[in-house]
Each structure stands twice: as C-alpha cells, then as structure tokens.
file coords-v9.cif (mmCIF, C-alpha atoms)
data_start
#
loop_
_atom_site.group_PDB
_atom_site.id
_atom_site.type_symbol
_atom_site.label_atom_id
_atom_site.label_comp_id
_atom_site.auth_asym_id
_atom_site.auth_seq_id
_atom_site.Cartn_x
_atom_site.Cartn_y
_atom_site.Cartn_z
ATOM 1 C CA MET A 127 87.050 129.831 -12.983
ATOM 2 C CA THR A 128 88.389 131.283 -9.747
ATOM 3 C CA GLU A 129 87.751 134.808 -8.475
ATOM 4 C CA THR A 130 91.164 135.843 -9.834
ATOM 5 C CA GLY A 131 90.241 134.654 -13.319
ATOM 6 C CA GLU A 132 92.508 131.612 -13.246
ATOM 7 C CA ILE A 133 91.378 128.359 -14.812
ATOM 8 C CA THR A 134 91.012 125.500 -12.343
ATOM 9 C CA GLU A 135 92.271 121.959 -12.890
ATOM 10 C CA GLN A 136 88.686 120.742 -13.063
ATOM 11 C CA GLU A 137 87.890 123.262 -15.804
ATOM 12 C CA LEU A 138 90.997 122.220 -17.743
ATOM 13 C CA GLU A 139 89.882 118.591 -17.563
ATOM 14 C CA THR A 140 86.347 119.503 -18.641
ATOM 15 C CA GLY A 141 87.752 121.353 -21.630
ATOM 16 C CA ARG A 142 90.068 118.489 -22.534
ATOM 17 C CA LYS A 143 87.211 115.977 -22.478
ATOM 18 C CA LEU A 144 84.897 118.193 -24.520
ATOM 19 C CA PHE A 145 87.419 118.625 -27.317
ATOM 20 C CA LEU A 146 87.984 114.881 -27.499
ATOM 21 C CA LYS A 147 84.372 114.543 -28.626
ATOM 22 C CA PRO A 148 83.305 114.432 -32.298
ATOM 23 C CA CYS A 149 83.599 117.740 -34.118
ATOM 24 C CA GLU A 150 82.138 117.916 -37.609
ATOM 25 C CA PHE A 151 81.791 120.506 -40.342
ATOM 26 C CA ILE A 152 78.109 121.291 -40.800
ATOM 27 C CA ALA A 153 77.768 124.334 -43.049
ATOM 28 C CA ALA A 154 79.491 127.051 -45.065
ATOM 29 C CA SER A 155 77.578 130.283 -45.511
ATOM 30 C CA THR A 156 78.214 133.163 -47.879
ATOM 31 C CA ALA A 157 75.013 135.019 -47.074
ATOM 32 C CA ILE A 158 72.799 135.600 -44.063
ATOM 33 C CA SER A 159 69.981 133.848 -45.905
ATOM 34 C CA ASN A 160 71.760 130.477 -45.786
ATOM 35 C CA LEU A 161 73.095 130.470 -42.247
ATOM 36 C CA PRO A 162 72.317 127.285 -40.309
ATOM 37 C CA PRO A 163 69.452 127.633 -37.811
ATOM 38 C CA MET A 164 70.349 128.924 -34.354
ATOM 39 C CA ASP A 165 70.559 125.811 -32.231
ATOM 40 C CA GLY A 166 72.571 126.146 -29.045
ATOM 41 C CA PRO A 167 75.636 128.191 -28.084
ATOM 42 C CA GLU A 168 78.256 129.301 -30.601
ATOM 43 C CA VAL A 169 81.712 130.867 -30.437
ATOM 44 C CA ALA A 170 83.359 132.508 -33.428
ATOM 45 C CA PHE A 171 86.953 133.139 -34.463
ATOM 46 C CA ALA A 172 87.879 136.374 -36.235
ATOM 47 C CA GLY A 173 91.187 137.843 -37.341
ATOM 48 C CA ARG A 174 93.319 139.215 -40.129
ATOM 49 C CA SER A 175 94.007 136.986 -43.104
ATOM 50 C CA ASN A 176 96.712 134.426 -42.265
ATOM 51 C CA VAL A 177 96.572 135.147 -38.531
ATOM 52 C CA GLY A 178 96.131 131.424 -37.867
ATOM 53 C CA LYS A 179 92.384 130.984 -37.349
ATOM 54 C CA SER A 180 92.139 127.629 -39.094
ATOM 55 C CA SER A 181 95.305 126.399 -37.385
ATOM 56 C CA LEU A 182 93.850 127.350 -33.998
ATOM 57 C CA VAL A 183 90.577 125.534 -34.670
ATOM 58 C CA ASN A 184 92.557 122.456 -35.741
ATOM 59 C CA ALA A 185 94.743 122.651 -32.623
ATOM 60 C CA LEU A 186 91.733 123.005 -30.329
ATOM 61 C CA THR A 187 90.000 119.988 -31.838
ATOM 62 C CA GLN A 188 93.229 117.984 -32.326
ATOM 63 C CA ARG A 189 92.400 117.500 -35.997
ATOM 64 C CA ARG A 190 94.856 118.506 -38.670
ATOM 65 C CA THR A 191 92.397 119.245 -41.434
ATOM 66 C CA LEU A 192 89.078 120.073 -39.777
ATOM 67 C CA ALA A 193 89.470 123.711 -40.788
ATOM 68 C CA ARG A 194 91.315 124.265 -44.033
ATOM 69 C CA THR A 195 94.516 126.265 -43.822
ATOM 70 C CA SER A 196 95.967 128.178 -46.743
ATOM 71 C CA GLN A 197 99.168 130.000 -47.534
ATOM 72 C CA THR A 198 97.129 132.371 -49.688
ATOM 73 C CA PRO A 199 95.798 135.281 -47.598
ATOM 74 C CA GLY A 200 92.128 136.054 -48.099
ATOM 75 C CA ARG A 201 91.220 132.576 -49.327
ATOM 76 C CA THR A 202 88.403 132.043 -46.794
ATOM 77 C CA LYS A 203 85.404 134.143 -47.799
ATOM 78 C CA GLN A 204 82.614 132.340 -45.991
ATOM 79 C CA LEU A 205 81.453 131.504 -42.487
ATOM 80 C CA ASN A 206 82.308 127.886 -41.674
ATOM 81 C CA PHE A 207 80.343 126.146 -38.925
ATOM 82 C CA PHE A 208 81.545 123.133 -36.923
ATOM 83 C CA ASN A 209 79.455 121.168 -34.441
ATOM 84 C CA LEU A 210 81.312 120.012 -31.318
ATOM 85 C CA ASP A 211 79.485 117.086 -29.714
ATOM 86 C CA GLY A 212 76.141 118.858 -30.062
ATOM 87 C CA ARG A 213 77.158 121.103 -27.168
ATOM 88 C CA ILE A 214 78.652 124.113 -28.925
ATOM 89 C CA ARG A 215 79.391 125.311 -32.445
ATOM 90 C CA LEU A 216 82.683 126.779 -33.627
ATOM 91 C CA VAL A 217 82.402 129.416 -36.360
ATOM 92 C CA ASP A 218 85.418 130.296 -38.507
ATOM 93 C CA LEU A 219 84.830 133.813 -39.865
ATOM 94 C CA PRO A 220 86.423 135.150 -43.071
ATOM 95 C CA GLY A 221 89.765 136.889 -42.622
ATOM 96 C CA TYR A 222 90.008 140.650 -43.008
ATOM 97 C CA GLY A 223 92.727 143.197 -43.749
ATOM 98 C CA TYR A 224 94.130 141.483 -46.836
ATOM 99 C CA ALA A 225 95.781 144.226 -48.892
ATOM 100 C CA LYS A 226 94.857 142.714 -52.279
ATOM 101 C CA ALA A 227 91.183 142.277 -51.456
ATOM 102 C CA SER A 228 88.931 144.439 -53.608
ATOM 103 C CA LYS A 229 86.676 147.046 -52.075
ATOM 104 C CA THR A 230 83.750 144.832 -53.055
ATOM 105 C CA ASP A 231 85.237 141.954 -51.034
ATOM 106 C CA VAL A 232 85.762 144.207 -48.029
ATOM 107 C CA ARG A 233 82.188 145.522 -48.174
ATOM 108 C CA ALA A 234 80.839 141.993 -48.533
ATOM 109 C CA TRP A 235 82.904 140.820 -45.533
ATOM 110 C CA THR A 236 81.736 143.733 -43.420
ATOM 111 C CA SER A 237 78.098 143.307 -44.387
ATOM 112 C CA LEU A 238 77.996 139.540 -43.889
ATOM 113 C CA THR A 239 79.972 139.524 -40.657
ATOM 114 C CA LEU A 240 78.197 142.497 -39.122
ATOM 115 C CA SER A 241 74.803 140.976 -39.911
ATOM 116 C CA PHE A 242 75.935 137.700 -38.340
ATOM 117 C CA LEU A 243 77.260 139.415 -35.210
ATOM 118 C CA LYS A 244 74.164 141.539 -34.679
ATOM 119 C CA GLY A 245 71.585 138.892 -35.426
ATOM 120 C CA ARG A 246 73.060 135.758 -33.881
ATOM 121 C CA GLN A 247 71.430 135.442 -30.478
ATOM 122 C CA THR A 248 73.222 132.143 -29.836
ATOM 123 C CA LEU A 249 76.678 133.717 -30.240
ATOM 124 C CA MET A 250 78.306 133.547 -26.828
ATOM 125 C CA ARG A 251 81.724 135.015 -27.641
ATOM 126 C CA VAL A 252 83.949 136.065 -30.512
ATOM 127 C CA PHE A 253 87.660 135.372 -30.237
ATOM 128 C CA LEU A 254 89.688 138.063 -31.981
ATOM 129 C CA LEU A 255 93.000 136.581 -33.073
ATOM 130 C CA ILE A 256 96.078 138.801 -33.186
ATOM 131 C CA ASP A 257 99.470 137.716 -34.553
ATOM 132 C CA SER A 258 101.869 138.172 -31.632
ATOM 133 C CA ARG A 259 104.589 139.343 -34.028
ATOM 134 C CA ARG A 260 102.440 142.220 -35.271
ATOM 135 C CA GLY A 261 100.353 143.232 -32.280
ATOM 136 C CA ILE A 262 97.081 145.120 -32.633
ATOM 137 C CA GLY A 263 96.808 147.027 -35.910
ATOM 138 C CA ASP A 264 94.412 149.609 -37.307
ATOM 139 C CA ALA A 265 92.299 146.958 -39.057
ATOM 140 C CA ASP A 266 91.962 145.073 -35.759
ATOM 141 C CA ARG A 267 90.839 148.245 -34.015
ATOM 142 C CA GLU A 268 88.137 148.724 -36.632
ATOM 143 C CA ILE A 269 86.892 145.209 -35.916
ATOM 144 C CA MET A 270 86.885 145.951 -32.183
ATOM 145 C CA LYS A 271 84.626 148.920 -32.905
ATOM 146 C CA ILE A 272 82.287 146.647 -34.853
ATOM 147 C CA PHE A 273 82.156 144.242 -31.894
ATOM 148 C CA ASN A 274 81.390 147.096 -29.520
ATOM 149 C CA GLU A 275 78.678 148.500 -31.806
ATOM 150 C CA ALA A 276 77.116 145.058 -32.173
ATOM 151 C CA ALA A 277 77.270 144.574 -28.378
ATOM 152 C CA VAL A 278 79.093 141.280 -28.890
ATOM 153 C CA SER A 279 81.167 139.790 -26.086
ATOM 154 C CA TRP A 280 84.691 139.208 -27.399
ATOM 155 C CA ALA A 281 88.090 138.115 -26.162
ATOM 156 C CA LEU A 282 91.568 138.636 -27.610
ATOM 157 C CA VAL A 283 93.759 135.658 -28.517
ATOM 158 C CA LEU A 284 97.431 136.119 -29.349
ATOM 159 C CA THR A 285 98.572 133.536 -31.908
ATOM 160 C CA LYS A 286 102.006 132.261 -32.953
ATOM 161 C CA GLY A 287 103.417 132.925 -29.510
ATOM 162 C CA ASP A 288 106.279 130.532 -30.206
ATOM 163 C CA LYS A 289 107.652 132.966 -32.801
ATOM 164 C CA LEU A 290 108.770 135.436 -30.131
ATOM 165 C CA LYS A 291 111.180 135.139 -27.225
ATOM 166 C CA PRO A 292 109.506 135.335 -23.797
ATOM 167 C CA PRO A 293 110.396 138.997 -23.055
ATOM 168 C CA GLY A 294 109.073 140.135 -26.435
ATOM 169 C CA LEU A 295 105.919 138.059 -26.070
ATOM 170 C CA GLU A 296 105.215 139.435 -22.615
ATOM 171 C CA LYS A 297 105.677 142.993 -23.898
ATOM 172 C CA VAL A 298 103.116 142.434 -26.663
ATOM 173 C CA ALA A 299 100.756 140.678 -24.238
ATOM 174 C CA SER A 300 100.949 143.567 -21.767
ATOM 175 C CA GLU A 301 100.228 146.109 -24.503
ATOM 176 C CA CYS A 302 97.239 144.050 -25.658
ATOM 177 C CA ARG A 303 95.866 143.724 -22.124
ATOM 178 C CA ARG A 304 95.968 147.483 -21.666
ATOM 179 C CA GLU A 305 94.157 148.136 -24.930
ATOM 180 C CA VAL A 306 91.566 145.408 -24.388
ATOM 181 C CA ALA A 307 90.725 146.912 -20.995
ATOM 182 C CA THR A 308 89.485 150.081 -22.718
ATOM 183 C CA HIS A 309 86.656 148.238 -24.491
ATOM 184 C CA VAL A 310 83.401 147.648 -22.633
ATOM 185 C CA ALA A 311 82.394 144.595 -24.696
ATOM 186 C CA SER A 312 85.687 142.754 -24.206
ATOM 187 C CA TRP A 313 86.302 139.838 -21.868
ATOM 188 C CA PRO A 314 88.784 140.967 -19.168
ATOM 189 C CA GLY A 315 92.013 139.215 -20.086
ATOM 190 C CA ILE A 316 93.708 137.694 -23.109
ATOM 191 C CA PHE A 317 94.811 134.248 -24.265
ATOM 192 C CA VAL A 318 98.390 133.664 -25.405
ATOM 193 C CA THR A 319 98.644 130.660 -27.722
ATOM 194 C CA SER A 320 100.775 128.722 -30.158
ATOM 195 C CA SER A 321 98.972 126.223 -32.370
ATOM 196 C CA GLN A 322 102.270 124.608 -33.327
ATOM 197 C CA LYS A 323 103.484 124.135 -29.738
ATOM 198 C CA THR A 324 99.909 123.842 -28.333
ATOM 199 C CA THR A 325 100.769 126.534 -25.778
ATOM 200 C CA GLY A 326 97.654 128.006 -24.167
ATOM 201 C CA ILE A 327 95.360 125.651 -26.079
ATOM 202 C CA ASP A 328 94.203 123.823 -22.957
ATOM 203 C CA THR A 329 93.237 127.098 -21.281
ATOM 204 C CA LEU A 330 91.237 128.217 -24.300
ATOM 205 C CA ARG A 331 89.493 124.833 -24.449
ATOM 206 C CA ALA A 332 88.482 125.205 -20.810
ATOM 207 C CA HIS A 333 87.130 128.689 -21.452
ATOM 208 C CA ILE A 334 85.048 127.519 -24.406
ATOM 209 C CA ALA A 335 83.783 124.513 -22.452
ATOM 210 C CA GLY A 336 82.448 126.953 -19.876
ATOM 211 C CA LEU A 337 80.221 128.455 -22.586
ATOM 212 C CA ALA A 338 78.924 125.114 -23.890
ATOM 213 C CA ARG A 339 75.774 123.236 -23.046
ATOM 214 C CA PRO A 340 76.124 121.039 -19.946
#

call {"tool": "encode", "arguments": {"input": "coords-v9.cif", "output": "structure tokens"}}
result
Amino acid sequence: MTETGEITEQELETGRKLFLKPCEFIAASTAISNLPPMDGPEVAFAGRSNVGKSSLVNALTQRRTLARTSQTPGRTKQLNFFNLDGRIRLVDLPGYGYAKASKTDVRAWTSLTLSFLKGRQTLMRVFLLIDSRRGIGDADREIMKIFNEAAVSWALVLTKGDKLKPPGLEKVASECRREVATHVASWPGIFVTSSQKTTGIDTLRAHIAGLARP
C-alpha cells in the first residue's frame, strides 16, 4: 500500500492470486467452546441481517455457494469459518439487527460474538458491512462500540453499491468516512463494493492478502 493509502498494482495481483487458491469450509460454531483452534491470521465479516455478507464472501472467493445466502433475514446464527489456502481464515459472523429476532437471540449473538472478538488473538480485522442504500444505522453504531470496547481493528465496507447512482453513492460514502474517522479502532478509509458487479472486490482482496501469511 502506498503512503496515500492507495492499493498498488502488485498488491492487486497478490490479492487476485491468493483468492484463486482453494478455500474450504472448516467449521461452524454456535458456542465459544467449539471454536476451531487459533491457527494463523483471521478476518471476520459482520453486518446487519441481509446486508450481503455471504454474497461478499462468495464474490471474494469467486465461488457461488461457498457461503450460503438466504432471503430470510436472521437465518445465520453461527460463526462459519473458511480456510483460504492455509494462509488466512475468513469468518462469517451471524447477522444482527433483525427486527423479528427474539431478545434471547440478540443476547446470544452479543455474547457469542463479543467473546469471539475479545478472545481471538489471531483476528486481524473485522469488516463491518453497511448496505449503501441504508447507510449507518443505530444497530451498526452499537456494533462499532463493541469493536472499540474489544479493541478490535475494523474497517467499514459498503455493499450493494450498484443499487445507487454515483452521486448518491458518493454522498453515502462521504458520510461513512466522516463517521468512521471518529472511531479509534477503525481502519482509516472505507471499501465501496458490489458483489453482483464485482466493484471494489479486487481492492478488498488485496487488503486481505496483506493480512495473510506470506
């Protein structure tokens, strides 16, 4: 990465090559007691239900069904781990903010996720996904507080960027950049993506490759 934060062509190529490697599902955990052992760097994906986490993981790895997608919000209630070429793990966290979720579900999500965030020494970064059509909401801000309290390095990823016209997308992106800058645990900058159009996917791959084992 350059001093201005831009991704270089070499980094883009490194990211492209990494995500061409085998990526396999290795574990699904519903409790801290059955998490896979810490073995090398990990990055996690968090976001509201139906924000497009599974679609993003599939787009990154160029596999249509690696991470299961669902039209039913709140379907994913476990931490799903994927091993990318033995160099880095991708962790799909349960969605949050689903209106029909019971208070028990919400408490379970908070407890499981918070325990994972605080106790996972191999966790290099959490990507907080925000639907570009909605922007940052109150539930997202609560999650940001959890990241800050857990001292977890996180970065914001706008999803479904193809659903907005360029001026509207840039407005949302600018608002997100300003808010992200107020958080000490956040990575300085945001990623603007579209899983359907693959916009921004190469840049995110390069960023993740920079966190992987050599």

call {"tool": "atom_distance", "arguments": {"input": "coords-v9.cif", "atom1": "CA of Phe171 (chain A)", "atom2": "CA of Asp218 (chain A)"}}
result
5.2 Å

call {"tool": "residues_around", "arguments": {"input": "coords-v9.cif", "residues": "Gly166 (chain A)", "least_positions_apart": "6", "cutoff": "9 Å", "atoms": "only C-alpha atoms", "output": "list in words"}}
result
Gly212, Arg213, Ile214, Arg215, Thr248, Leu249, Ala338 and Arg339 of chain A

call {"tool": "write_last_selection", "arguments": {"input": "coords-v9.cif", "atoms": "C-alpha atoms", "output": "CSV table (one decimal), keeping the file's coordinate frame"}}
result
chain,number,residue,atom,x,y,z
A,212,GLY,CA,76.1,118.9,-30.1
A,213,ARG,CA,77.2,121.1,-27.2
A,214,ILE,CA,78.7,124.1,-28.9
A,215,ARG,CA,79.4,125.3,-32.4
A,248,THR,CA,73.2,132.1,-29.8
A,249,LEU,CA,76.7,133.7,-30.2
A,338,ALA,CA,78.9,125.1,-23.9
A,339,ARG,CA,75.8,123.2,-23.0

call {"tool": "resolve_selection", "arguments": {"input": "coords-v9.cif", "expression": "the PyMOL selection byres ((chain A and resi 250-252) around 6)", "output": "short mmCIF file (atom, residue, chain, number, x, y, z; two decimals) with C-alpha atoms, in the coordinates of the input"}}
result
data_model
loop_
_atom_site.label_atom_id
_atom_site.label_comp_id
_atom_site.auth_asym_id
_atom_site.auth_seq_id
_atom_site.Cartn_x
_atom_site.Cartn_y
_atom_site.Cartn_z
CA GLU A 168 78.26 129.30 -30.60
CA VAL A 169 81.71 130.87 -30.44
CA ALA A 170 83.36 132.51 -33.43
CA PHE A 171 86.95 133.14 -34.46
CA LEU A 249 76.68 133.72 -30.24
CA PHE A 253 87.66 135.37 -30.24
CA SER A 279 81.17 139.79 -26.09
CA TRP A 280 84.69 139.21 -27.40
#

call {"tool": "resolve_selection", "arguments": {"input": "coords-v9.cif", "expression": "the PyMOL selection byres ((chain A and resi 287-299) around 12)", "output": "PyMOL selection string"}}
result
chain A and resi 177-178+182+255-262+282-286+300-306+315-327

call {"tool": "resolve_selection", "arguments": {"input": "coords-v9.cif", "expression": "the PyMOL selection byres ((chain A and resi 157) around 10)", "output": "ChimeraX atom specification"}}
result
/A:154-156,158-161,204-205,234-235,237-239,241-242

call {"tool": "closest_residue", "arguments": {"input": "coords-v9.cif", "among": "A:Leu144, A:Ile133, A:Ala276, A:Met270", "to": "Pro340 (chain A)", "atoms": "only C-alpha atoms"}}
result
A:Leu144

call {"tool": "closest_residue", "arguments": {"input": "coords-v9.cif", "among": "A:Leu219, A:Cys149, A:Ile334, A:Ala277", "to": "His309 (chain A)", "atoms": "all atoms listed in the file"}}
result
A:Ala277

call {"tool": "closest_residue", "arguments": {"input": "coords-v9.cif", "among": "A:Leu330, A:Leu240, A:Ala335, A:Leu210", "to": "Lys147 (chain A)", "atoms": "all atoms listed in the file"}}
result
A:Leu210

call {"tool": "atom_distance", "arguments": {"input": "coords-v9.cif", "atom1": "CA of Asp328 (chain A)", "atom2": "CA of Arg174 (chain A)"}}
result
23.1 Å

call {"tool": "closest_residue", "arguments": {"input": "coords-v9.cif", "among": "A:Val310, A:Ala332, A:Ile269, A:Ala153", "to": "Leu216 (chain A)", "atoms": "only C-alpha atoms"}}
result
A:Ala153

call {"tool": "closest_residue", "arguments": {"input": "coords-v9.cif", "among": "A:Leu337, A:Ala311, A:Ala172, A:Val183", "to": "Asn274 (chain A)", "atoms": "all atoms listed in the file"}}
result
A:Ala311

call {"tool": "atom_distance", "arguments": {"input": "coords-v9.cif", "atom1": "CA of Tyr222 (chain A)", "atom2": "CA of Gln188 (chain A)"}}
result
25.3 Å

call {"tool": "residues_near_point", "arguments": {"input": "coords-v9.cif", "point": "(84.0, 117.6, -38.8)", "cutoff": "8 Å", "atoms": "all atoms listed in the file", "output": "VMD selection string"}}
result
chain A and resid 148 to 152 192 208 to 209

call {"tool": "closest_residue", "arguments": {"input": "coords-v9.cif", "among": "A:Ala281, A:Ile272, A:Leu146, A:Leu186", "to": "Thr236 (chain A)", "atoms": "only C-alpha atoms"}}
result
A:Ile272

call {"tool": "decode", "arguments": {"input": "coords-v9.cif", "residues": "region 271-294 of chain A", "atoms": "N, CA and C atoms", "output": "mmCIF file, in the first residue's frame"}}
result
data_model
loop_
_atom_site.group_PDB
_atom_site.id
_atom_site.type_symbol
_atom_site.label_atom_id
_atom_site.label_comp_id
_atom_site.auth_asym_id
_atom_site.auth_seq_id
_atom_site.Cartn_x
_atom_site.Cartn_y
_atom_site.Cartn_z
ATOM 1 N N LYS A 271 -19.347 0.294 18.785
ATOM 2 C CA LYS A 271 -18.960 0.452 20.186
ATOM 3 C C LYS A 271 -18.374 -0.847 20.723
ATOM 4 N N ILE A 272 -18.992 -1.966 20.342
ATOM 5 C CA ILE A 272 -18.485 -3.271 20.769
ATOM 6 C C ILE A 272 -17.071 -3.487 20.234
ATOM 7 N N PHE A 273 -16.839 -3.142 18.973
ATOM 8 C CA PHE A 273 -15.497 -3.264 18.396
ATOM 9 C C PHE A 273 -14.499 -2.420 19.181
ATOM 10 N N ASN A 274 -14.893 -1.181 19.479
ATOM 11 C CA ASN A 274 -13.990 -0.287 20.194
ATOM 12 C C ASN A 274 -13.687 -0.823 21.591
ATOM 13 N N GLU A 275 -14.730 -1.328 22.278
ATOM 14 C CA GLU A 275 -14.536 -1.861 23.625
ATOM 15 C C GLU A 275 -13.658 -3.107 23.617
ATOM 16 N N ALA A 276 -13.788 -3.901 22.554
ATOM 17 C CA ALA A 276 -12.990 -5.123 22.446
ATOM 18 C C ALA A 276 -11.596 -4.850 21.886
ATOM 19 N N ALA A 277 -11.334 -3.587 21.541
ATOM 20 C CA ALA A 277 -10.038 -3.195 20.954
ATOM 21 C C ALA A 277 -9.735 -3.999 19.701
ATOM 22 N N VAL A 278 -10.758 -4.172 18.869
ATOM 23 C CA VAL A 278 -10.617 -4.923 17.620
ATOM 24 C C VAL A 278 -10.446 -3.958 16.456
ATOM 25 N N SER A 279 -9.463 -4.206 15.617
ATOM 26 C CA SER A 279 -9.277 -3.394 14.418
ATOM 27 C C SER A 279 -10.377 -3.730 13.413
ATOM 28 N N TRP A 280 -11.092 -2.720 12.929
ATOM 29 C CA TRP A 280 -12.185 -2.974 12.000
ATOM 30 C C TRP A 280 -12.177 -1.959 10.861
ATOM 31 N N ALA A 281 -12.824 -2.352 9.777
ATOM 32 C CA ALA A 281 -12.927 -1.485 8.607
ATOM 33 C C ALA A 281 -14.353 -1.557 8.065
ATOM 34 N N LEU A 282 -14.840 -0.468 7.521
ATOM 35 C CA LEU A 282 -16.205 -0.408 7.007
ATOM 36 C C LEU A 282 -16.232 -0.750 5.520
ATOM 37 N N VAL A 283 -17.197 -1.588 5.146
ATOM 38 C CA VAL A 283 -17.385 -1.985 3.750
ATOM 39 C C VAL A 283 -18.816 -1.657 3.331
ATOM 40 N N LEU A 284 -18.969 -0.780 2.362
ATOM 41 C CA LEU A 284 -20.288 -0.508 1.806
ATOM 42 C C LEU A 284 -20.623 -1.606 0.798
ATOM 43 N N THR A 285 -21.796 -2.204 0.921
ATOM 44 C CA THR A 285 -22.229 -3.239 -0.010
ATOM 45 C C THR A 285 -23.338 -2.720 -0.927
ATOM 46 N N LYS A 286 -23.606 -3.478 -1.974
ATOM 47 C CA LYS A 286 -24.693 -3.177 -2.913
ATOM 48 C C LYS A 286 -24.562 -1.779 -3.520
ATOM 49 N N GLY A 287 -23.316 -1.416 -3.815
ATOM 50 C CA GLY A 287 -23.052 -0.103 -4.379
ATOM 51 C C GLY A 287 -23.686 0.122 -5.737
ATOM 52 N N ASP A 288 -24.004 -0.981 -6.434
ATOM 53 C CA ASP A 288 -24.617 -0.859 -7.753
ATOM 54 C C ASP A 288 -26.087 -0.441 -7.669
ATOM 55 N N LYS A 289 -26.646 -0.425 -6.464
ATOM 56 C CA LYS A 289 -28.058 -0.080 -6.304
ATOM 57 C C LYS A 289 -28.289 1.427 -6.241
ATOM 58 N N LEU A 290 -27.210 2.188 -6.176
ATOM 59 C CA LEU A 290 -27.320 3.649 -6.127
ATOM 60 C C LEU A 290 -26.631 4.283 -7.327
ATOM 61 N N LYS A 291 -27.100 5.439 -7.730
ATOM 62 C CA LYS A 291 -26.416 6.202 -8.774
ATOM 63 C C LYS A 291 -25.163 6.816 -8.169
ATOM 64 N N PRO A 292 -24.145 7.073 -8.983
ATOM 65 C CA PRO A 292 -22.862 7.565 -8.463
ATOM 66 C C PRO A 292 -22.946 8.730 -7.477
ATOM 67 N N PRO A 293 -23.736 9.790 -7.750
ATOM 68 C CA PRO A 293 -23.786 10.893 -6.783
ATOM 69 C C PRO A 293 -24.316 10.460 -5.417
ATOM 70 N N GLY A 294 -25.351 9.611 -5.420
ATOM 71 C CA GLY A 294 -25.912 9.127 -4.169
ATOM 72 C C GLY A 294 -24.943 8.238 -3.421
#
